[in-house]
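Asks: Please find work_8.csv (CSV, C-alpha atoms) on the next line:
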```csv
chain,number,residue,atom,x,y,z
Q,273,MET,CA,115.8,61.0,97.6
Q,274,VAL,CA,114.9,64.7,98.0
Q,275,LEU,CA,113.5,65.5,101.4
Q,276,PRO,CA,116.7,65.3,103.5
Q,277,THR,CA,118.5,67.7,101.1
Q,278,LEU,CA,115.5,69.8,100.3
Q,279,PHE,CA,114.9,70.9,103.9
Q,280,MET,CA,118.6,71.6,104.7
Q,281,ASP,CA,119.7,75.3,105.0
Q,282,GLY,CA,121.7,76.7,102.1
Q,283,MET,CA,121.0,77.2,98.4
Q,284,PHE,CA,122.6,78.1,95.0
Q,285,THR,CA,123.0,81.8,94.3
Q,286,ASP,CA,120.2,81.9,91.6
Q,287,GLY,CA,117.7,80.2,93.9
Q,288,ILE,CA,118.5,82.7,96.7
Q,289,LEU,CA,118.0,85.6,94.1
Q,290,TYR,CA,114.7,84.2,93.0
Q,291,ALA,CA,113.5,83.7,96.5
Q,292,ALA,CA,114.4,87.2,97.5
Q,293,VAL,CA,112.6,88.7,94.5
Q,294,SER,CA,109.5,86.5,95.3
Q,295,LYS,CA,109.5,87.6,98.9
Q,296,ASN,CA,109.8,91.2,97.9
Q,297,LEU,CA,106.7,90.8,95.7
Q,298,ALA,CA,104.9,89.2,98.7
Q,299,HIS,CA,105.7,92.4,100.7
Q,300,GLY,CA,104.5,94.7,97.9
Q,301,ILE,CA,108.0,95.7,96.9
Q,302,GLY,CA,107.9,95.8,93.1
Q,303,ASN,CA,105.1,94.4,91.0
Q,304,PHE,CA,104.4,91.6,88.5
Q,305,TRP,CA,105.8,93.4,85.5
Q,306,ASP,CA,108.6,95.2,87.4
Q,307,PRO,CA,110.0,92.9,90.2
Q,308,HIS,CA,112.6,94.2,92.6
Q,309,PHE,CA,115.7,92.6,94.1
Q,310,SER,CA,117.5,95.4,95.9
Q,311,ALA,CA,118.2,99.1,95.7
Q,312,PHE,CA,121.8,98.5,94.8
Q,313,MET,CA,121.5,95.5,92.4
Q,314,HIS,CA,118.6,94.8,90.0
Q,315,PRO,CA,116.1,97.4,91.4
Q,316,HIS,CA,114.2,96.5,88.2
Q,317,PHE,CA,114.7,92.7,88.0
Q,318,HIS,CA,114.1,91.8,84.3
Q,319,GLU,CA,116.7,89.1,84.1
Q,320,GLN,CA,113.9,86.5,83.9
Q,321,PRO,CA,110.1,86.5,83.2
Q,322,PRO,CA,108.0,87.2,86.3
Q,323,LEU,CA,105.6,84.3,86.7
Q,324,MET,CA,107.6,82.1,89.0
Q,325,PHE,CA,108.2,85.1,91.3
Q,326,PHE,CA,104.5,85.9,91.4
Q,327,LEU,CA,103.6,82.2,92.3
Q,328,GLN,CA,106.3,81.9,94.9
Q,329,GLY,CA,105.3,85.2,96.3
Q,330,ILE,CA,101.9,83.8,97.0
Q,331,PHE,CA,103.6,81.0,99.1
Q,332,PHE,CA,105.6,83.7,101.0
Q,333,ARG,CA,102.3,85.4,101.8
Q,334,ILE,CA,100.8,82.2,103.1
Q,335,PHE,CA,103.8,80.6,104.9
Q,336,GLY,CA,105.9,83.6,105.9
Q,337,ASP,CA,109.5,84.6,105.3
Q,338,GLY,CA,111.5,81.6,106.5
Q,339,PHE,CA,113.7,79.6,104.2
Q,340,ILE,CA,111.1,76.7,104.6
Q,341,THR,CA,108.8,78.6,102.3
Q,342,GLU,CA,110.7,78.0,99.1
Q,343,ARG,CA,111.2,74.4,100.2
Q,344,ILE,CA,107.4,73.9,100.5
Q,345,TYR,CA,107.1,75.5,97.0
Q,346,SER,CA,109.6,73.1,95.6
Q,347,THR,CA,107.8,70.1,97.2
Q,348,VAL,CA,104.5,71.2,95.7
Q,349,LEU,CA,106.2,71.3,92.3
Q,350,ILE,CA,107.6,67.8,92.7
Q,351,ILE,CA,104.1,66.5,93.5
Q,352,LEU,CA,102.5,68.3,90.6
Q,353,SER,CA,105.3,67.0,88.2
Q,354,ALA,CA,104.7,63.4,89.4
Q,355,PHE,CA,100.9,63.7,89.1
Q,356,LEU,CA,101.2,65.1,85.5
Q,357,MET,CA,103.7,62.5,84.4
Q,358,ALA,CA,101.4,59.8,85.7
Q,359,ARG,CA,98.4,61.3,83.8
Q,360,ILE,CA,100.4,61.5,80.6
Q,361,TRP,CA,101.6,57.9,81.0
Q,362,LYS,CA,98.1,56.7,81.6
Q,363,ARG,CA,96.8,58.5,78.5
Q,364,ILE,CA,99.4,56.9,76.3
Q,365,PHE,CA,99.5,53.5,78.0
Q,366,PRO,CA,96.1,53.0,79.6
Q,367,GLU,CA,96.7,49.3,80.3
Q,368,ASN,CA,100.2,49.7,81.8
Q,369,ASN,CA,100.7,50.5,85.5
Q,370,LEU,CA,104.3,51.6,85.2
Q,371,PHE,CA,103.3,55.3,85.5
Q,372,TRP,CA,105.9,55.7,88.3
Q,373,LEU,CA,108.8,54.7,86.0
Q,374,PRO,CA,109.2,57.9,83.9
Q,375,PHE,CA,109.2,60.0,87.1
Q,376,LEU,CA,111.7,57.8,88.8
Q,377,LEU,CA,114.0,57.9,85.8
Q,378,TRP,CA,113.7,61.6,85.5
Q,379,PHE,CA,114.3,62.2,89.2
Q,380,ALA,CA,117.3,59.9,89.2
Q,381,ILE,CA,119.2,62.5,87.1
Q,382,PRO,CA,121.3,64.5,89.5
Q,383,GLN,CA,120.5,67.8,87.8
Q,384,THR,CA,116.8,67.2,88.5
Q,385,LEU,CA,117.3,66.8,92.2
Q,386,SER,CA,119.8,69.7,92.3
Q,387,SER,CA,117.3,72.0,90.5
Q,388,PHE,CA,114.5,71.4,93.0
Q,389,VAL,CA,116.8,71.8,96.0
Q,390,ASN,CA,118.1,75.1,94.7
Q,391,ASN,CA,114.8,76.7,93.7
Q,392,LEU,CA,115.6,77.0,90.0
Q,393,GLU,CA,113.0,78.3,87.5
Q,394,GLU,CA,113.1,75.1,85.5
Q,395,CYS,CA,111.2,73.4,88.3
Q,396,THR,CA,108.2,75.7,87.7
Q,397,MET,CA,108.6,75.5,84.0
Q,398,ILE,CA,108.4,71.7,83.9
Q,399,VAL,CA,104.9,71.8,85.5
Q,400,PHE,CA,103.6,74.0,82.8
Q,401,THR,CA,105.5,72.0,80.1
Q,402,LEU,CA,103.8,68.7,81.3
Q,403,ALA,CA,100.4,70.4,81.5
Q,404,THR,CA,100.8,71.6,77.9
Q,405,ILE,CA,101.7,68.1,76.7
Q,406,LEU,CA,98.9,66.5,78.7
Q,407,HIS,CA,96.2,68.7,77.1
Q,408,MET,CA,97.6,68.2,73.7
Q,409,ILE,CA,97.4,64.4,74.1
Q,410,ILE,CA,93.8,64.6,75.4
Q,411,ALA,CA,92.8,66.7,72.4
Q,412,PHE,CA,94.5,64.4,69.9
Q,413,GLN,CA,92.9,61.3,71.5
Q,414,LYS,CA,89.4,62.8,71.0
Q,415,PRO,CA,88.4,62.5,67.4
Q,416,ASN,CA,85.6,65.0,67.7
Q,417,SER,CA,87.6,67.4,69.9
Q,418,LYS,CA,86.4,71.0,69.7
Q,419,TYR,CA,89.9,72.3,70.1
Q,420,TYR,CA,89.4,73.8,73.5
Q,421,HIS,CA,92.1,71.5,74.9
Q,422,PHE,CA,94.5,73.1,72.4
Q,423,LEU,CA,93.5,76.5,73.8
Q,424,ILE,CA,94.2,75.3,77.3
Q,425,ALA,CA,97.5,73.9,76.0
Q,426,GLY,CA,98.2,77.3,74.5
Q,427,PHE,CA,97.5,78.9,77.9
Q,428,PHE,CA,100.0,76.6,79.6
Q,429,LEU,CA,102.5,77.3,76.8
Q,430,VAL,CA,102.2,81.0,77.6
Q,431,CYS,CA,102.8,80.2,81.3
Q,432,THR,CA,105.9,78.2,80.3
Q,433,GLY,CA,107.3,81.3,78.4
Q,434,MET,CA,106.3,83.6,81.3
Q,435,THR,CA,108.4,81.4,83.6
Q,436,LYS,CA,111.6,80.8,81.8
Q,437,GLY,CA,111.3,82.6,78.4
Q,438,PRO,CA,112.0,81.0,75.0
Q,439,GLN,CA,113.4,77.7,76.5
Q,440,GLY,CA,109.9,76.3,77.0
Q,441,LEU,CA,108.5,77.3,73.6
Q,442,PHE,CA,109.9,74.2,71.8
Q,443,LEU,CA,106.5,72.7,72.6
Q,444,ILE,CA,105.0,74.6,69.6
Q,445,THR,CA,106.4,71.7,67.6
Q,446,SER,CA,104.5,69.1,69.5
Q,447,PRO,CA,101.5,68.8,67.1
Q,448,PHE,CA,103.9,67.9,64.3
Q,449,PHE,CA,105.7,65.2,66.3
Q,450,PHE,CA,102.3,63.7,67.5
Q,451,TRP,CA,101.2,63.5,63.9
Q,452,LEU,CA,104.6,62.1,62.8
Q,453,PHE,CA,104.7,59.3,65.4
Q,454,PHE,CA,101.1,58.4,66.1
Q,455,LYS,CA,99.4,58.9,62.7
Q,456,ASN,CA,95.9,58.9,64.2
Q,457,TYR,CA,94.8,62.2,62.7
Q,458,SER,CA,95.2,64.1,59.5
Q,459,PHE,CA,98.0,66.5,58.4
Q,460,PHE,CA,95.3,69.2,58.1
Q,461,LYS,CA,94.3,68.8,61.7
Q,462,MET,CA,97.9,69.0,62.7
Q,463,MET,CA,98.3,72.3,60.9
Q,464,ILE,CA,95.1,73.6,62.5
Q,465,THR,CA,96.1,72.6,66.0
Q,466,SER,CA,99.6,74.1,65.5
Q,467,PHE,CA,97.9,77.3,64.4
Q,468,ILE,CA,95.6,77.4,67.5
Q,469,VAL,CA,98.4,76.7,70.0
Q,470,SER,CA,100.7,79.2,68.4
Q,471,SER,CA,97.9,81.9,68.1
Q,472,VAL,CA,97.4,81.8,71.8
Q,473,LEU,CA,101.1,82.5,72.4
Q,474,LEU,CA,101.3,85.2,69.6
Q,475,LEU,CA,98.1,87.0,70.9
Q,476,PHE,CA,99.6,87.1,74.4
Q,477,ILE,CA,102.9,88.5,73.1
Q,478,PHE,CA,100.9,91.1,71.0
Q,479,PHE,CA,98.9,92.3,74.0
Q,480,VAL,CA,101.9,92.5,76.2
Q,481,ILE,CA,103.8,94.6,73.7
Q,482,LEU,CA,100.6,96.7,73.2
Q,483,TYR,CA,100.4,97.2,77.0
```
Would you mind writing the structure in this file as structure tokens?
Replies:
Amino acid sequence: MVLPTLFMDGMFTDGILYAAVSKNLAHGIGNFWDPHFSAFMHPHFHEQPPLMFFLQGIFFRIFGDGFITERIYSTVLIILSAFLMARIWKRIFPENNLFWLPFLLWFAIPQTLSSFVNNLEECTMIVFTLATILHMIIAFQKPNSKYYHFLIAGFFLVCTGMTKGPQGLFLITSPFFFWLFFKNYSFFKMMITSFIVSSVLLLFIFFVILY
């Protein structure tokens, strides 16, 4: 479904912009907190948070400056998304081997394929989104959990925000919906876990503002 289109030349404007900013970072032009597009347009590129540019910049350092680099990056994201979806499915339905089904349904949506082909930020964000949900599920399924999985979930939630901004932060509501639908832990634990996950995000925002 994806490989023939993914490795063709040509890309949507936003994807080209993000690839250029990432490649500049790989060459030491700009830095994590102050990415650079060009001297004439967006010399201080603050249109989006910087995490995707930093990660894709690592790929440009490893694989060079050709257009194939952002394609390799997108392919890695597809593989990670499939792996995390399968892990989540196995956690919720351990006796069911249809772990491939949610990925197939998700990837059958034309916008999903288009996003990966065009190097959009949502493709990086979805990996952190799935990782956040996975660690929340693991923590909720362990009755004697020491909450460190919620701290990890909070970390990935920060990564989601640092990739795309507020769009990914809806996951703060996840503990409430887990409590509402699964009913396998108390309302008090739901409040505590919500506080832990939110605190990681708020502490990060606090230190960024302080910096």
Asks: Could you state the separation of CA of Phe279 (chain Q) and CA of Ile344 (chain Q) in Å, given to one decimal place?
Replies: 8.8 Å
Asks: From the set Q:Gly287, Q:Gly437, Q:Pro276, Q:Pro315, which residue has the shortest atom-to-atom contact distance to Glu342 (chain Q), counting only C-alpha atoms?
Replies: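 When distances to Glu342 (chain Q) are compared using only C-alpha atoms, the smallest one comes from Q:Gly287.
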Asks: Could you check how far CA of Phe331 (chain Q) sits from CA of His314 (chain Q), in Å to one decimal?
Replies: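 Rounded to one decimal, the two atoms are 22.3 Å apart.
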Asks: Between Q:Leu482, Q:Pro382, Q:Val472, Q:Ala291, which is the closest to His421 (chain Q) once you count all atoms listed in the file?
Replies: Q:Val472
Asks: Give me the residues near Gln320 (chain Q) as a ChimeraX atom specification, where near means some atom within 12 Å (using only C-alpha atoms) and where sequence neighbours in that chain fewer than 3 positions away do not count.
Replies: /Q:286,289-290,293,304-308,314,316-317,323-325,392-394,433-439
Asks: Residues within 10 Å of Asp281 (chain Q), please, as a list in words. Count all atoms listed in the file; anything in the same chain fewer than 4 positions from it doesn't count.
Replies: Thr277, Phe339, Ile340 and Arg343 of chain Q
Asks: Of the candidates Q:Trp372, Q:Phe312, Q:Phe442, Q:Tyr419, which shows the shortest atom-to-atom distance to Thr401 (chain Q), using all atoms listed in the file?
Replies: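 So, comparing all the options, the nearest one is Q:Phe442.
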Asks: Could you check the closest approach to Thr465 (chain Q) for each of Q:Trp361, Q:Phe332, Q:Phe422, Q:Phe326 and tell me which residue wins, using all atoms listed in the file?
Replies: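 Comparing Q:Trp361, Q:Phe332, Q:Phe422, Q:Phe326 against Thr465 (chain Q), the winner is Q:Phe422.
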Asks: Can you tell me which residues surround Thr347 (chain Q) at a distance of at most 9 Å, considering all atoms listed in the file, apart from same-chain residues fewer than 4 positions away, and format the answer as JSON, numbers by chain?
Replies: {"Q": [274, 275, 278, 342, 343, 351, 352, 388]}
Asks: Excluding same-chain residues fewer than 6 positions from Phe400 (chain Q), what lies within 7 Å of it counting only C-alpha atoms, as a list in words?
Replies: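 Here the qualifying residues turn out to be Phe428, Leu429, Cys431 and Thr432 of chain Q.
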Asks: Could you give me region 419-430 of chain Q completed to all heavy atoms, formatted as a CSV table (one decimal), in the frame of the given file?
Replies:
```csv
chain,number,residue,atom,x,y,z
Q,419,TYR,N,88.7,71.5,70.0
Q,419,TYR,CA,89.9,72.3,70.1
Q,419,TYR,C,90.1,73.1,71.4
Q,419,TYR,O,91.1,73.8,71.5
Q,419,TYR,CB,90.0,73.2,68.9
Q,419,TYR,CG,90.1,72.5,67.5
Q,419,TYR,CD1,88.9,72.5,66.7
Q,419,TYR,CD2,91.2,71.9,67.1
Q,419,TYR,CE1,89.0,71.8,65.5
Q,419,TYR,CE2,91.3,71.2,65.9
Q,419,TYR,CZ,90.2,71.2,65.1
Q,419,TYR,OH,90.2,70.5,63.9
Q,420,TYR,N,89.2,73.0,72.3
Q,420,TYR,CA,89.4,73.8,73.5
Q,420,TYR,C,90.6,73.3,74.3
Q,420,TYR,O,91.2,74.1,75.1
Q,420,TYR,CB,88.1,73.9,74.4
Q,420,TYR,CG,87.7,72.6,75.1
Q,420,TYR,CD1,88.1,72.3,76.4
Q,420,TYR,CD2,86.8,71.7,74.5
Q,420,TYR,CE1,87.8,71.2,77.0
Q,420,TYR,CE2,86.4,70.6,75.1
Q,420,TYR,CZ,86.9,70.3,76.4
Q,420,TYR,OH,86.5,69.1,77.0
Q,421,HIS,N,90.9,72.0,74.2
Q,421,HIS,CA,92.1,71.5,74.9
Q,421,HIS,C,93.3,72.1,74.3
Q,421,HIS,O,94.3,72.3,75.0
Q,421,HIS,CB,92.1,70.0,74.9
Q,421,HIS,CG,91.3,69.3,75.9
Q,421,HIS,ND1,91.6,69.3,77.3
Q,421,HIS,CD2,90.1,68.6,75.8
Q,421,HIS,CE1,90.7,68.7,77.9
Q,421,HIS,NE2,89.8,68.2,77.1
Q,422,PHE,N,93.3,72.4,73.1
Q,422,PHE,CA,94.5,73.1,72.4
Q,422,PHE,C,94.6,74.5,72.9
Q,422,PHE,O,95.7,75.0,73.1
Q,422,PHE,CB,94.4,73.0,70.9
Q,422,PHE,CG,94.6,71.7,70.4
Q,422,PHE,CD1,93.5,71.0,69.8
Q,422,PHE,CD2,95.8,71.1,70.4
Q,422,PHE,CE1,93.7,69.7,69.2
Q,422,PHE,CE2,96.0,69.8,69.9
Q,422,PHE,CZ,95.0,69.1,69.3
Q,423,LEU,N,93.4,75.1,73.2
Q,423,LEU,CA,93.5,76.5,73.8
Q,423,LEU,C,94.1,76.5,75.2
Q,423,LEU,O,94.9,77.3,75.6
Q,423,LEU,CB,92.1,77.1,73.8
Q,423,LEU,CG,91.4,77.4,72.4
Q,423,LEU,CD1,90.0,77.9,72.6
Q,423,LEU,CD2,92.2,78.5,71.7
Q,424,ILE,N,93.7,75.4,76.0
Q,424,ILE,CA,94.2,75.3,77.3
Q,424,ILE,C,95.7,75.0,77.2
Q,424,ILE,O,96.5,75.5,78.0
Q,424,ILE,CB,93.5,74.1,78.0
Q,424,ILE,CG1,92.0,74.4,78.3
Q,424,ILE,CG2,94.2,73.9,79.4
Q,424,ILE,CD1,91.2,73.3,78.8
Q,425,ALA,N,96.1,74.1,76.2
Q,425,ALA,CA,97.5,73.9,76.0
Q,425,ALA,C,98.3,75.2,75.6
Q,425,ALA,O,99.4,75.4,76.1
Q,425,ALA,CB,97.7,72.8,74.9
Q,426,GLY,N,97.6,76.0,74.8
Q,426,GLY,CA,98.2,77.3,74.5
Q,426,GLY,C,98.4,78.2,75.7
Q,426,GLY,O,99.4,78.9,75.8
Q,427,PHE,N,97.4,78.1,76.6
Q,427,PHE,CA,97.5,78.9,77.9
Q,427,PHE,C,98.7,78.5,78.7
Q,427,PHE,O,99.5,79.3,79.2
Q,427,PHE,CB,96.3,78.8,78.7
Q,427,PHE,CG,96.4,79.3,80.1
Q,427,PHE,CD1,96.4,80.6,80.4
Q,427,PHE,CD2,96.5,78.4,81.1
Q,427,PHE,CE1,96.5,81.1,81.7
Q,427,PHE,CE2,96.6,78.8,82.4
Q,427,PHE,CZ,96.6,80.2,82.7
Q,428,PHE,N,98.9,77.1,78.8
Q,428,PHE,CA,100.0,76.6,79.6
Q,428,PHE,C,101.3,76.9,78.9
Q,428,PHE,O,102.4,77.1,79.6
Q,428,PHE,CB,99.8,75.1,79.9
Q,428,PHE,CG,98.9,74.8,81.0
Q,428,PHE,CD1,97.7,74.1,80.8
Q,428,PHE,CD2,99.1,75.3,82.3
Q,428,PHE,CE1,96.8,73.8,81.8
Q,428,PHE,CE2,98.1,75.1,83.3
Q,428,PHE,CZ,97.0,74.3,83.0
Q,429,LEU,N,101.3,76.9,77.6
Q,429,LEU,CA,102.5,77.3,76.8
Q,429,LEU,C,102.9,78.7,77.1
Q,429,LEU,O,104.1,79.0,77.3
Q,429,LEU,CB,102.3,77.1,75.3
Q,429,LEU,CG,103.5,77.3,74.4
Q,429,LEU,CD1,104.6,76.3,74.7
Q,429,LEU,CD2,103.1,77.3,73.0
Q,430,VAL,N,102.0,79.6,77.2
Q,430,VAL,CA,102.2,81.0,77.6
Q,430,VAL,C,102.8,81.0,79.0
Q,430,VAL,O,103.8,81.8,79.3
Q,430,VAL,CB,100.9,81.8,77.6
Q,430,VAL,CG1,101.1,83.2,78.3
Q,430,VAL,CG2,100.5,82.0,76.1
```
